[in-house]
$ cat input.pdb   # PDB, C-alpha atoms and all ligand atoms
ATOM      1  CA  MET E  11       0.000   0.000   0.000
ATOM      2  CA  LEU E  12       2.714   2.449   1.061
ATOM      3  CA  LYS E  13       4.731   1.480  -1.979
ATOM      4  CA  LYS E  14       1.766   2.193  -4.206
ATOM      5  CA  ILE E  15       1.340   5.711  -2.742
ATOM      6  CA  GLN E  16       5.044   6.415  -3.213
ATOM      7  CA  TYR E  17       4.814   5.183  -6.779
ATOM      8  CA  ASN E  18       1.780   7.425  -7.461
ATOM      9  CA  THR E  19       3.511  10.406  -5.889
ATOM     10  CA  LEU E  20       6.563   9.823  -8.049
ATOM     11  CA  LEU E  21       4.335   9.577 -11.087
ATOM     12  CA  VAL E  22       2.664  12.900 -10.272
ATOM     13  CA  ILE E  23       6.031  14.574  -9.603
ATOM     14  CA  SER E  24       7.516  13.343 -12.852
ATOM     15  CA  LEU E  25       4.413  14.461 -14.694
ATOM     16  CA  VAL E  26       4.784  17.945 -13.150
ATOM     17  CA  ILE E  27       8.460  18.008 -14.168
ATOM     18  CA  THR E  28       7.544  17.005 -17.705
ATOM     19  CA  LEU E  29       4.836  19.653 -17.944
ATOM     20  CA  ASN E  30       7.076  22.336 -16.473
ATOM     21  CA  SER E  31       9.963  21.460 -18.758
ATOM     22  CA  ALA E  32       7.596  21.565 -21.693
ATOM     23  CA  SER E  33       6.286  25.020 -20.798
ATOM     24  CA  LEU E  34       9.768  26.283 -19.952
ATOM     25  CA  GLY E  35      10.986  24.966 -23.282
ATOM     26  CA  ALA E  36       8.186  26.738 -25.108
ATOM     27  CA  GLY E  37       8.939  29.996 -23.289
ATOM     28  CA  GLY E  38      12.617  29.696 -24.054
ATOM     29  CA  ALA E  39      13.674  29.935 -20.393
ATOM     30  CA  SER E  40      16.722  27.951 -19.353
ATOM     31  CA  GLY E  41      18.967  27.277 -16.414
ATOM     32  CA  SER E  42      16.223  26.270 -14.007
ATOM     33  CA  SER E  43      16.962  23.006 -12.227
ATOM     34  CA  PRO E  44      14.241  20.362 -12.368
ATOM     35  CA  GLY E  45      14.350  20.126  -8.564
ATOM     36  CA  SER E  46      12.923  23.637  -8.141
ATOM     37  CA  SER E  47       9.956  22.769 -10.319
ATOM     38  CA  THR E  48       8.797  20.090  -7.905
ATOM     39  CA  ALA E  49       8.567  22.424  -4.890
ATOM     40  CA  SER E  50       4.954  23.069  -3.941
ATOM     41  CA  PRO E  51       3.853  26.477  -5.162
ATOM     42  CA  ILE E  52       3.949  29.230  -2.511
ATOM     43  CA  LEU E  53       0.390  30.462  -2.230
ATOM     44  CA  PRO E  54       0.136  34.248  -1.863
ATOM     45  CA  ARG E  55      -0.819  35.181   1.702
ATOM     46  CA  PRO E  56      -4.344  36.557   1.711
ATOM     47  CA  VAL E  57      -4.273  40.347   2.119
ATOM     48  CA  PRO E  58      -6.129  41.368   5.307
ATOM     49  CA  LEU E  59      -9.474  43.129   4.915
ATOM     50  CA  VAL E  60      -9.950  46.353   6.874
ATOM     51  CA  VAL E  61     -13.556  47.560   7.049
ATOM     52  CA  THR E  62     -14.296  51.084   8.255
ATOM     53  CA  THR E  63     -17.685  52.650   8.924
ATOM     54  CA  ILE E  64     -17.125  56.034   7.236
ATOM     55  CA  LYS E  65     -15.094  56.990   4.187
ATOM     56  CA  PRO E  66     -12.647  59.315   6.010
ATOM     57  CA  LEU E  67     -11.497  56.330   8.084
ATOM     58  CA  ALA E  68     -11.070  54.322   4.855
ATOM     59  CA  ILE E  69      -8.956  57.192   3.486
ATOM     60  CA  ILE E  70      -6.780  56.969   6.618
ATOM     61  CA  ALA E  71      -6.619  53.148   6.523
ATOM     62  CA  GLN E  72      -5.679  53.063   2.818
ATOM     63  CA  SER E  73      -2.937  55.637   3.374
ATOM     64  CA  ALA E  74      -1.722  53.743   6.452
ATOM     65  CA  ALA E  75      -1.672  50.252   4.936
ATOM     66  CA  GLY E  76      -0.952  50.972   1.269
ATOM     67  CA  ASP E  77      -1.054  47.725  -0.693
ATOM     68  CA  ALA E  78      -0.721  45.603   2.471
ATOM     69  CA  ALA E  79      -4.492  45.529   3.075
ATOM     70  CA  ASN E  80      -7.792  45.767   1.250
ATOM     71  CA  ILE E  81      -9.903  48.645   2.525
ATOM     72  CA  GLU E  82     -13.680  48.924   2.354
ATOM     73  CA  TYR E  83     -16.135  51.307   4.000
ATOM     74  CA  LEU E  84     -19.783  50.872   4.926
ATOM     75  CA  VAL E  85     -21.529  54.270   4.989
ATOM     76  CA  PRO E  86     -22.177  55.505   1.436
ATOM     77  CA  ALA E  87     -20.125  58.664   1.024
ATOM     78  CA  ASN E  88     -23.162  60.735   0.042
ATOM     79  CA  GLN E  89     -24.961  59.969   3.296
ATOM     80  CA  SER E  90     -24.668  61.663   6.683
ATOM     81  CA  PRO E  91     -22.877  59.193   8.974
ATOM     82  CA  HIS E  92     -24.725  60.642  11.964
ATOM     83  CA  ASP E  93     -28.004  58.939  10.985
ATOM     84  CA  PHE E  94     -26.853  55.719   9.349
ATOM     85  CA  SER E  95     -28.100  52.199  10.143
ATOM     86  CA  LEU E  96     -25.985  49.263   8.942
ATOM     87  CA  PRO E  97     -27.739  47.122   6.284
ATOM     88  CA  VAL E  98     -27.382  43.297   6.197
ATOM     89  CA  SER E  99     -24.665  43.528   3.532
ATOM     90  CA  ALA E 100     -22.598  45.626   5.968
ATOM     91  CA  LEU E 101     -22.954  42.978   8.684
ATOM     92  CA  LYS E 102     -21.611  40.347   6.269
ATOM     93  CA  LYS E 103     -18.652  42.570   5.430
ATOM     94  CA  ILE E 104     -17.930  43.140   9.121
ATOM     95  CA  ALA E 105     -17.999  39.379   9.726
ATOM     96  CA  SER E 106     -15.367  38.780   7.044
ATOM     97  CA  ALA E 107     -13.112  41.675   8.140
ATOM     98  CA  ASP E 108      -9.741  41.177   9.833
ATOM     99  CA  LEU E 109     -10.000  44.630  11.384
ATOM    100  CA  VAL E 110     -12.972  46.972  11.837
ATOM    101  CA  VAL E 111     -12.441  50.709  12.406
ATOM    102  CA  TRP E 112     -15.207  53.045  13.565
ATOM    103  CA  ILE E 113     -15.385  56.387  15.349
ATOM    104  CA  GLY E 114     -17.453  55.311  18.348
ATOM    105  CA  ARG E 115     -20.860  54.938  19.931
ATOM    106  CA  ASP E 116     -21.477  58.682  20.309
ATOM    107  CA  PHE E 117     -20.998  59.188  16.570
ATOM    108  CA  GLU E 118     -22.327  56.090  14.812
ATOM    109  CA  THR E 119     -25.044  55.577  17.407
ATOM    110  CA  ARG E 120     -27.023  53.079  15.355
ATOM    111  CA  SER E 121     -24.000  50.813  14.809
ATOM    112  CA  ALA E 122     -23.142  50.531  18.506
ATOM    113  CA  LYS E 123     -24.955  47.213  19.089
ATOM    114  CA  THR E 124     -23.178  45.540  16.168
ATOM    115  CA  MET E 125     -19.782  46.889  17.184
ATOM    116  CA  ALA E 126     -20.254  45.684  20.771
ATOM    117  CA  GLN E 127     -20.222  42.106  19.443
ATOM    118  CA  ILE E 128     -16.844  42.436  17.715
ATOM    119  CA  PRO E 129     -13.888  41.216  19.807
ATOM    120  CA  THR E 130     -11.701  44.173  20.837
ATOM    121  CA  SER E 131      -8.707  42.532  19.139
ATOM    122  CA  LYS E 132     -10.500  43.084  15.805
ATOM    123  CA  LEU E 133     -11.908  46.544  16.539
ATOM    124  CA  VAL E 134     -10.418  50.055  16.612
ATOM    125  CA  SER E 135     -12.716  52.563  18.357
ATOM    126  CA  VAL E 136     -11.205  55.876  17.362
ATOM    127  CA  ILE E 137     -12.787  58.112  20.040
ATOM    128  CA  ASP E 138     -11.686  55.731  22.801
ATOM    129  CA  GLN E 139      -8.189  55.482  21.308
ATOM    130  CA  ILE E 140      -7.697  59.260  21.012
ATOM    131  CA  ALA E 141      -9.310  59.907  24.412
ATOM    132  CA  SER E 142      -7.046  57.387  26.152
ATOM    133  CA  GLN E 143      -3.951  58.849  24.439
ATOM    134  CA  ALA E 144      -5.030  62.356  25.481
ATOM    135  CA  ASP E 145      -5.761  60.960  28.935
ATOM    136  CA  SER E 146      -2.295  59.497  29.385
ATOM    137  CA  ALA E 147      -0.800  62.752  28.067
ATOM    138  CA  ALA E 148      -2.894  65.174  30.104
ATOM    139  CA  HIS E 149      -4.286  63.044  32.975
ATOM    140  CA  ASP E 150      -7.702  64.566  32.412
ATOM    141  CA  HIS E 151      -9.642  61.293  32.798
ATOM    142  CA  SER E 152     -11.668  61.875  29.674
ATOM    143  CA  ASP E 153     -13.696  58.858  28.524
ATOM    144  CA  GLY E 154     -14.306  60.245  25.059
ATOM    145  CA  HIS E 155     -17.700  61.736  25.860
ATOM    146  CA  GLY E 156     -17.840  65.358  24.853
ATOM    147  CA  LEU E 157     -14.935  64.964  22.423
ATOM    148  CA  ASP E 158     -15.855  66.326  18.957
ATOM    149  CA  PRO E 159     -16.110  63.101  16.917
ATOM    150  CA  HIS E 160     -14.838  64.644  13.632
ATOM    151  CA  LEU E 161     -11.323  63.558  14.657
ATOM    152  CA  TRP E 162     -10.109  62.695  11.132
ATOM    153  CA  LEU E 163      -9.964  66.405  10.295
ATOM    154  CA  ASP E 164      -6.876  66.973  12.499
ATOM    155  CA  PRO E 165      -3.826  65.445  10.756
ATOM    156  CA  ASN E 166      -2.221  64.684  14.121
ATOM    157  CA  TYR E 167      -5.207  62.504  14.990
ATOM    158  CA  GLY E 168      -5.098  61.140  11.418
ATOM    159  CA  ASN E 169      -1.521  60.036  12.057
ATOM    160  CA  ALA E 170      -2.466  58.540  15.438
ATOM    161  CA  ILE E 171      -5.335  56.539  13.888
ATOM    162  CA  ALA E 172      -3.000  55.410  11.075
ATOM    163  CA  ALA E 173      -0.389  54.286  13.622
ATOM    164  CA  GLU E 174      -2.997  52.201  15.447
ATOM    165  CA  ILE E 175      -4.068  50.516  12.170
ATOM    166  CA  GLN E 176      -0.420  49.911  11.183
ATOM    167  CA  SER E 177       0.337  48.419  14.590
ATOM    168  CA  ARG E 178      -2.746  46.123  14.469
ATOM    169  CA  LEU E 179      -1.710  44.894  10.996
ATOM    170  CA  GLY E 180       1.931  44.395  12.024
ATOM    171  CA  LEU E 181       3.144  47.100   9.615
ATOM    172  CA  PRO E 182       5.914  49.645  10.240
ATOM    173  CA  ILE E 183       4.611  52.850  11.846
ATOM    174  CA  LYS E 184       4.837  55.877   9.581
ATOM    175  CA  GLU E 185       2.972  59.178   9.343
ATOM    176  CA  ILE E 186       0.415  59.550   6.556
ATOM    177  CA  LEU E 187       0.857  63.339   6.550
ATOM    178  CA  ASP E 188       4.283  64.395   7.805
ATOM    179  CA  GLN E 189       4.924  67.405  10.023
ATOM    180  CA  ASP E 190       6.668  69.386   7.254
ATOM    181  CA  SER E 191       3.641  69.050   4.974
ATOM    182  CA  ILE E 192       1.316  70.066   7.818
ATOM    183  CA  GLN E 193       3.403  73.203   8.379
ATOM    184  CA  VAL E 194       3.347  74.080   4.663
ATOM    185  CA  LEU E 195      -0.462  73.766   4.669
ATOM    186  CA  GLN E 196      -0.702  75.855   7.865
ATOM    187  CA  ALA E 197       1.469  78.565   6.307
ATOM    188  CA  SER E 198      -0.716  78.663   3.188
ATOM    189  CA  LEU E 199      -3.703  79.605   5.380
ATOM    190  CA  ALA E 200      -1.832  82.113   7.553
ATOM    191  CA  SER E 201      -3.246  85.192   5.761
ATOM    192  CA  SER E 202      -6.799  84.046   6.563
ATOM    193  CA  ALA E 203      -6.516  84.363  10.337
ATOM    194  CA  ASP E 204      -8.766  87.459  10.539
ATOM    195  CA  LYS E 205     -11.569  86.020   8.380
ATOM    196  CA  THR E 206     -14.546  84.009   9.397
ATOM    197  CA  TYR E 207     -17.195  81.871   7.734
ATOM    198  CA  LEU E 208     -20.314  79.778   8.212
ATOM    199  CA  THR E 209     -20.120  75.988   8.160
ATOM    200  CA  HIS E 210     -23.053  73.766   7.412
ATOM    201  CA  HIS E 211     -22.661  71.794  10.617
ATOM    202  CA  ASP E 212     -20.474  71.976  13.712
ATOM    203  CA  ALA E 213     -17.700  69.638  12.521
ATOM    204  CA  TYR E 214     -14.516  71.657  12.228
ATOM    205  CA  ALA E 215     -13.175  72.278  15.735
ATOM    206  CA  HIS E 216     -10.236  69.892  15.179
ATOM    207  CA  PHE E 217      -9.464  71.166  11.680
ATOM    208  CA  VAL E 218      -9.553  74.785  12.797
ATOM    209  CA  ARG E 219      -7.239  74.089  15.749
ATOM    210  CA  ALA E 220      -4.791  72.087  13.611
ATOM    211  CA  PHE E 221      -4.563  74.796  10.956
ATOM    212  CA  LYS E 222      -4.734  77.791  13.324
ATOM    213  CA  LEU E 223      -7.896  79.150  11.699
ATOM    214  CA  PRO E 224     -10.575  81.240  13.374
ATOM    215  CA  ALA E 225     -13.619  79.249  14.468
ATOM    216  CA  GLY E 226     -16.547  79.541  12.055
ATOM    217  CA  PHE E 227     -20.235  79.772  12.841
ATOM    218  CA  PRO E 228     -22.083  76.476  12.322
ATOM    219  CA  ILE E 229     -25.632  76.609  10.924
ATOM    220  CA  ARG E 230     -26.449  73.101  12.247
ATOM    221  CA  ASP E 231     -25.274  71.356  15.394
ATOM    222  CA  ILE E 232     -22.493  68.790  15.870
ATOM    223  CA  ARG E 233     -24.761  65.909  14.715
ATOM    224  CA  GLY E 234     -25.916  67.783  11.616
ATOM    225  CA  ASP E 235     -29.343  68.519  13.118
ATOM    226  CA  VAL E 236     -31.172  71.798  12.569
ATOM    227  CA  LYS E 237     -30.854  74.149  15.544
ATOM    228  CA  GLY E 238     -33.732  75.802  17.375
ATOM    229  CA  VAL E 239     -35.273  79.121  16.354
ATOM    230  CA  LYS E 240     -33.485  80.991  19.152
ATOM    231  CA  SER E 241     -30.051  79.745  17.991
ATOM    232  CA  GLN E 242     -30.895  80.623  14.382
ATOM    233  CA  TYR E 243     -31.879  84.138  15.441
ATOM    234  CA  GLN E 244     -28.675  84.477  17.476
ATOM    235  CA  LEU E 245     -26.599  83.326  14.486
ATOM    236  CA  ARG E 246     -28.126  86.012  12.230
ATOM    237  CA  LYS E 247     -27.507  88.638  14.905
ATOM    238  CA  THR E 248     -23.848  87.575  15.220
ATOM    239  CA  MET E 249     -23.402  87.502  11.441
ATOM    240  CA  ALA E 250     -24.452  91.130  11.041
ATOM    241  CA  SER E 251     -21.366  92.293  12.939
ATOM    242  CA  ALA E 252     -18.844  89.632  11.811
ATOM    243  CA  ASN E 253     -16.478  89.748   8.813
ATOM    244  CA  ILE E 254     -17.859  86.662   7.051
ATOM    245  CA  SER E 255     -16.227  85.507   3.811
ATOM    246  CA  CYS E 256     -18.497  82.657   2.729
ATOM    247  CA  VAL E 257     -21.029  79.988   3.619
ATOM    248  CA  PHE E 258     -19.784  76.414   3.297
ATOM    249  CA  VAL E 259     -22.110  73.703   2.011
ATOM    250  CA  GLU E 260     -21.465  69.973   2.396
ATOM    251  CA  PRO E 261     -22.445  67.461  -0.297
ATOM    252  CA  GLN E 262     -24.094  65.103   2.245
ATOM    253  CA  TYR E 263     -26.794  67.592   3.120
ATOM    254  CA  GLN E 264     -29.354  69.259   0.892
ATOM    255  CA  GLY E 265     -27.870  72.584   1.941
ATOM    256  CA  LYS E 266     -31.128  74.495   1.548
ATOM    257  CA  ASP E 267     -30.705  76.284   4.875
ATOM    258  CA  ALA E 268     -27.144  77.242   3.900
ATOM    259  CA  ALA E 269     -28.349  78.591   0.534
ATOM    260  CA  VAL E 270     -31.108  80.624   2.213
ATOM    261  CA  ILE E 271     -28.770  82.246   4.723
ATOM    262  CA  ALA E 272     -26.105  82.927   2.042
ATOM    263  CA  ALA E 273     -28.667  84.684  -0.152
ATOM    264  CA  GLU E 274     -29.995  86.633   2.822
ATOM    265  CA  PHE E 275     -26.538  88.076   3.584
ATOM    266  CA  GLY E 276     -25.263  88.208  -0.025
ATOM    267  CA  LEU E 277     -22.456  85.714   0.699
ATOM    268  CA  PRO E 278     -20.891  83.196  -1.723
ATOM    269  CA  LEU E 279     -21.590  79.481  -1.244
ATOM    270  CA  VAL E 280     -18.445  77.329  -1.233
ATOM    271  CA  ALA E 281     -18.403  73.506  -1.286
ATOM    272  CA  LEU E 282     -16.629  71.809   1.611
ATOM    273  CA  ASP E 283     -16.219  68.031   1.635
ATOM    274  CA  PRO E 284     -15.339  66.791   5.141
ATOM    275  CA  GLN E 285     -16.240  63.169   4.239
ATOM    276  CA  GLY E 286     -13.898  63.004   1.237
ATOM    277  CA  LEU E 287     -16.791  62.240  -1.121
ATOM    278  CA  SER E 288     -14.698  63.096  -4.177
ATOM    279  CA  GLN E 289     -11.411  61.706  -2.814
ATOM    280  CA  PRO E 290     -10.271  58.491  -4.564
ATOM    281  CA  LEU E 291      -8.975  55.747  -2.240
ATOM    282  CA  ASN E 292      -5.265  55.515  -2.983
ATOM    283  CA  ASN E 293      -2.038  55.262  -0.998
ATOM    284  CA  HIS E 294      -1.752  59.069  -0.696
ATOM    285  CA  ALA E 295      -5.459  59.611  -0.139
ATOM    286  CA  TYR E 296      -5.182  61.245   3.283
ATOM    287  CA  SER E 297      -2.624  63.830   2.250
ATOM    288  CA  GLU E 298      -4.702  64.650  -0.860
ATOM    289  CA  PHE E 299      -7.893  64.819   1.221
ATOM    290  CA  ILE E 300      -6.450  67.271   3.782
ATOM    291  CA  SER E 301      -4.852  69.360   1.008
ATOM    292  CA  SER E 302      -8.218  69.686  -0.758
ATOM    293  CA  LEU E 303      -9.908  70.764   2.477
ATOM    294  CA  VAL E 304      -7.245  73.455   2.859
ATOM    295  CA  ALA E 305      -7.860  74.502  -0.767
ATOM    296  CA  GLN E 306     -11.614  74.663  -0.095
ATOM    297  CA  PHE E 307     -11.001  76.990   2.882
ATOM    298  CA  LYS E 308      -8.716  79.129   0.722
ATOM    299  CA  ALA E 309     -11.465  79.360  -1.909
ATOM    300  CA  CYS E 310     -13.748  80.786   0.779
ATOM    301  CA  PHE E 311     -11.214  83.418   1.864
ATOM    302  CA  GLN E 312     -10.327  84.630  -1.648
TER     303      GLN E 312
HETATM  304 ZN    ZN E 401     -20.561  65.460  11.269
END
$ encode --input "input.pdb" --output "structure tokens" --more "lines below"
Ligand SMILES: [Zn+2]
Amino acid sequence: MLKKIQYNTLLVISLVITLNSASLGAGGASGSSPGSSTASPILPRPVPLVVTTIKPLAIIAQSAAGDAANIEYLVPANQSPHDFSLPVSALKKIASADLVVWIGRDFETRSAKTMAQIPTSKLVSVIDQIASQADSAAHDHSDGHGLDPHLWLDPNYGNAIAAEIQSRLGLPIKEILDQDSIQVLQASLASSADKTYLTHHDAYAHFVRAFKLPAGFPIRDIRGDVKGVKSQYQLRKTMASANISCVFVEPQYQGKDAAVIAAEFGLPLVALDPQGLSQPLNNHAYSEFISSLVAQFKACFQ
């Protein structure tokens, strides 16, 4: 019996050698020893799948991992992530992911139940990560509540999120937007320090701090919800005495309220894309994404 198996194995091996020699002969290659042809083929290691909830986190993950991972995101880029419920197809994708990255329960409220079932070894919760890093740096015992969730808009947080993804995937740690580039972008906005603007929703605290810009006036609140009548009245009162350059509109929202207020005060409407709707996913996506946001702010201040 054993002999028969050995004989069959030999037969298969010699057949492989014959086939390989034949194809090598046809291709004109030479110098390869027959022994190397019998080695079992090395199967390519499957590339890990990283699934993120929102596109900005996919932009960070793609820039962090390059070709070492496949990146997919769940919330369609044209939808507000604040009010998104995961469909069944998203649950399937999460189940097949090697790593899942989301902002956190205060941001993607409707995904919290699903995320709670993912083992922590497979999950990066960005708010918790940033809050615990800030906590160990400042000893302020923050648990992430009250932290503006639009963390991807500060390149220093972008780099921190990238480092966490790189570390989880066993990749070397490197910045996705280096400090020199950040300084160049900061300098390009330096002449805008005395100008102000209206944003469609309250999402830019981190961006404004990172790029040393004045804070704008948000039309909607931090979750993208319409504010009360009193706040709207207060905003119009403040606007009358402020040096406002433009009103930003975001592609995720209809922007009707922004258009109304811009017309009322004779201000230009400028598109601002904090979700990277038009940003292709490539290995330099994050640096391109932040540079376009800076360009969009410059367009407002012109
Ligand atoms: Zn938002």
$ resolve_selection --input "input.pdb" --expression "the PyMOL selection byres (((chain E and resi 312) around 10) and not hetatm)" --output "list in words"
Ser202, Ser255, Cys256, Phe307, Lys308, Ala309, Cys310 and Phe311 of chain E
$ closest_residue --input "input.pdb" --among "E:Tyr263, E:Tyr83, E:Phe258, E:Tyr167" --to "ligand ZN 401 (chain E)" --atoms "only C-alpha atoms and all ligand atoms"
E:Tyr263
$ residues_near_point --input "input.pdb" --point "(-13.8, 46.4, 8.6)" --cutoff "10 Å" --atoms "all atoms listed in the file" --output "number ranges by chain"
E: 58-63, 68, 80-84, 100-101, 103-112, 132-134
$ residues_near_ligand --input "input.pdb" --ligand "ligand ZN 401 (chain E)" --cutoff "9 Å" --atoms "all atoms listed in the file" --output "PyMOL selection string"
chain E and resi 90-92+117+159-160+211-214+231-234+284-285
$ resolve_selection --input "input.pdb" --expression "the PyMOL selection byres (((chain E and resi 88) around 9) and not hetatm)" --output "list of chain:residue names"
E:Val85, E:Pro86, E:Ala87, E:Gln89, E:Ser90, E:Pro261, E:Gln262, E:Tyr263, E:Gln285, E:Leu287
$ residues_around --input "input.pdb" --residues "range 74-76 of chain E" --least-positions-apart "6" --cutoff "7 Å" --atoms "only C-alpha atoms" --output "ChimeraX atom specification"
/E:172,175-176,186,293
$ residues_around --input "input.pdb" --residues "Pro224 in chain E" --least-positions-apart "2" --cutoff "12 Å" --atoms "all atoms listed in the file" --output "mmCIF file with C-alpha atoms, in the coordinates of the input"
data_model
loop_
_atom_site.group_PDB
_atom_site.id
_atom_site.type_symbol
_atom_site.label_atom_id
_atom_site.label_comp_id
_atom_site.auth_asym_id
_atom_site.auth_seq_id
_atom_site.Cartn_x
_atom_site.Cartn_y
_atom_site.Cartn_z
ATOM 1 C CA LEU E 199 -3.703 79.605 5.380
ATOM 2 C CA ALA E 200 -1.832 82.113 7.553
ATOM 3 C CA SER E 201 -3.246 85.192 5.761
ATOM 4 C CA SER E 202 -6.799 84.046 6.563
ATOM 5 C CA ALA E 203 -6.516 84.363 10.337
ATOM 6 C CA ASP E 204 -8.766 87.459 10.539
ATOM 7 C CA LYS E 205 -11.569 86.020 8.380
ATOM 8 C CA THR E 206 -14.546 84.009 9.397
ATOM 9 C CA TYR E 207 -17.195 81.871 7.734
ATOM 10 C CA LEU E 208 -20.314 79.778 8.212
ATOM 11 C CA TYR E 214 -14.516 71.657 12.228
ATOM 12 C CA ALA E 215 -13.175 72.278 15.735
ATOM 13 C CA HIS E 216 -10.236 69.892 15.179
ATOM 14 C CA PHE E 217 -9.464 71.166 11.680
ATOM 15 C CA VAL E 218 -9.553 74.785 12.797
ATOM 16 C CA ARG E 219 -7.239 74.089 15.749
ATOM 17 C CA ALA E 220 -4.791 72.087 13.611
ATOM 18 C CA PHE E 221 -4.563 74.796 10.956
ATOM 19 C CA LYS E 222 -4.734 77.791 13.324
ATOM 20 C CA GLY E 226 -16.547 79.541 12.055
ATOM 21 C CA PHE E 227 -20.235 79.772 12.841
ATOM 22 C CA ALA E 252 -18.844 89.632 11.811
ATOM 23 C CA ASN E 253 -16.478 89.748 8.813
ATOM 24 C CA ILE E 254 -17.859 86.662 7.051
ATOM 25 C CA SER E 255 -16.227 85.507 3.811
ATOM 26 C CA PHE E 307 -11.001 76.990 2.882
ATOM 27 C CA PHE E 311 -11.214 83.418 1.864
#
$ axis_aligned_box --input "input.pdb" --around "range 203-220 of chain E" --padding-each-side "8 Å" --output "AutoDock Vina command-line options"
--center_x -13.9 --center_y 78.5 --center_z 11.6 --size_x 34.3 --size_y 33.8 --size_z 24.3
$ atom_distance --input "input.pdb" --atom1 "CA of Gly286 in chain E" --atom2 "CA of Pro66 in chain E"
6.2 Å
$ atom_distance --input "input.pdb" --atom1 "CA of Val136 in chain E" --atom2 "CA of Arg115 in chain E"
10.0 Å
$ atom_distance --input "input.pdb" --atom1 "CA of Asn292 in chain E" --atom2 "CA of Ile69 in chain E"
7.6 Å
$ closest_residue --input "input.pdb" --among "E:Val270, E:Ile229, E:Ala79, E:Ile137" --to "Thr248 in chain E" --atoms "only C-alpha atoms"
E:Ile229
$ closest_residue --input "input.pdb" --among "E:Gln189, E:Ser198, E:Asn169, E:Gln306" --to "Val257 in chain E" --atoms "only C-alpha atoms"
E:Gln306
$ closest_residue --input "input.pdb" --among "E:Ser301, E:Gln289, E:Thr209, E:Ser177" --to "Val194 in chain E" --atoms "all atoms listed in the file"
E:Ser301
$ closest_residue --input "input.pdb" --among "E:Leu67, E:Pro278, E:Asp93, E:Ile128" --to "Ala170 in chain E" --atoms "all atoms listed in the file"
E:Leu67
$ closest_residue --input "input.pdb" --among "E:Val236, E:Ile64, E:Ala268, E:Leu96" --to "Arg120 in chain E" --atoms "only C-alpha atoms"
E:Leu96
$ build_atoms --input "input.pdb" --residues "range 285-296 of chain E" --atoms "N, CA and C atoms" --output "CSV table (one decimal), keeping the file's coordinate frame"
chain,number,residue,atom,x,y,z
E,285,GLN,N,-16.2,64.6,4.3
E,285,GLN,CA,-16.2,63.2,4.2
E,285,GLN,C,-15.4,62.6,3.1
E,286,GLY,N,-14.7,63.5,2.3
E,286,GLY,CA,-13.9,63.0,1.2
E,286,GLY,C,-14.7,62.3,0.2
E,287,LEU,N,-15.9,62.8,-0.1
E,287,LEU,CA,-16.8,62.2,-1.1
E,287,LEU,C,-16.1,62.1,-2.5
E,288,SER,N,-15.3,63.1,-2.9
E,288,SER,CA,-14.7,63.1,-4.2
E,288,SER,C,-13.2,62.6,-4.1
E,289,GLN,N,-12.8,62.2,-3.0
E,289,GLN,CA,-11.4,61.7,-2.8
E,289,GLN,C,-11.3,60.2,-3.2
E,290,PRO,N,-10.5,59.9,-4.3
E,290,PRO,CA,-10.3,58.5,-4.6
E,290,PRO,C,-9.5,57.8,-3.5
E,291,LEU,N,-9.7,56.5,-3.2
E,291,LEU,CA,-9.0,55.7,-2.2
E,291,LEU,C,-7.7,55.3,-2.9
E,292,ASN,N,-6.6,55.9,-2.5
E,292,ASN,CA,-5.3,55.5,-3.0
E,292,ASN,C,-4.3,55.6,-1.8
E,293,ASN,N,-3.0,55.3,-2.1
E,293,ASN,CA,-2.0,55.3,-1.0
E,293,ASN,C,-1.6,56.6,-0.5
E,294,HIS,N,-2.0,57.7,-1.2
E,294,HIS,CA,-1.8,59.1,-0.7
E,294,HIS,C,-3.1,59.8,-0.4
E,295,ALA,N,-4.1,59.0,-0.2
E,295,ALA,CA,-5.5,59.6,-0.1
E,295,ALA,C,-5.6,60.6,1.0
E,296,TYR,N,-5.0,60.3,2.1
E,296,TYR,CA,-5.2,61.2,3.3
E,296,TYR,C,-4.5,62.6,3.0
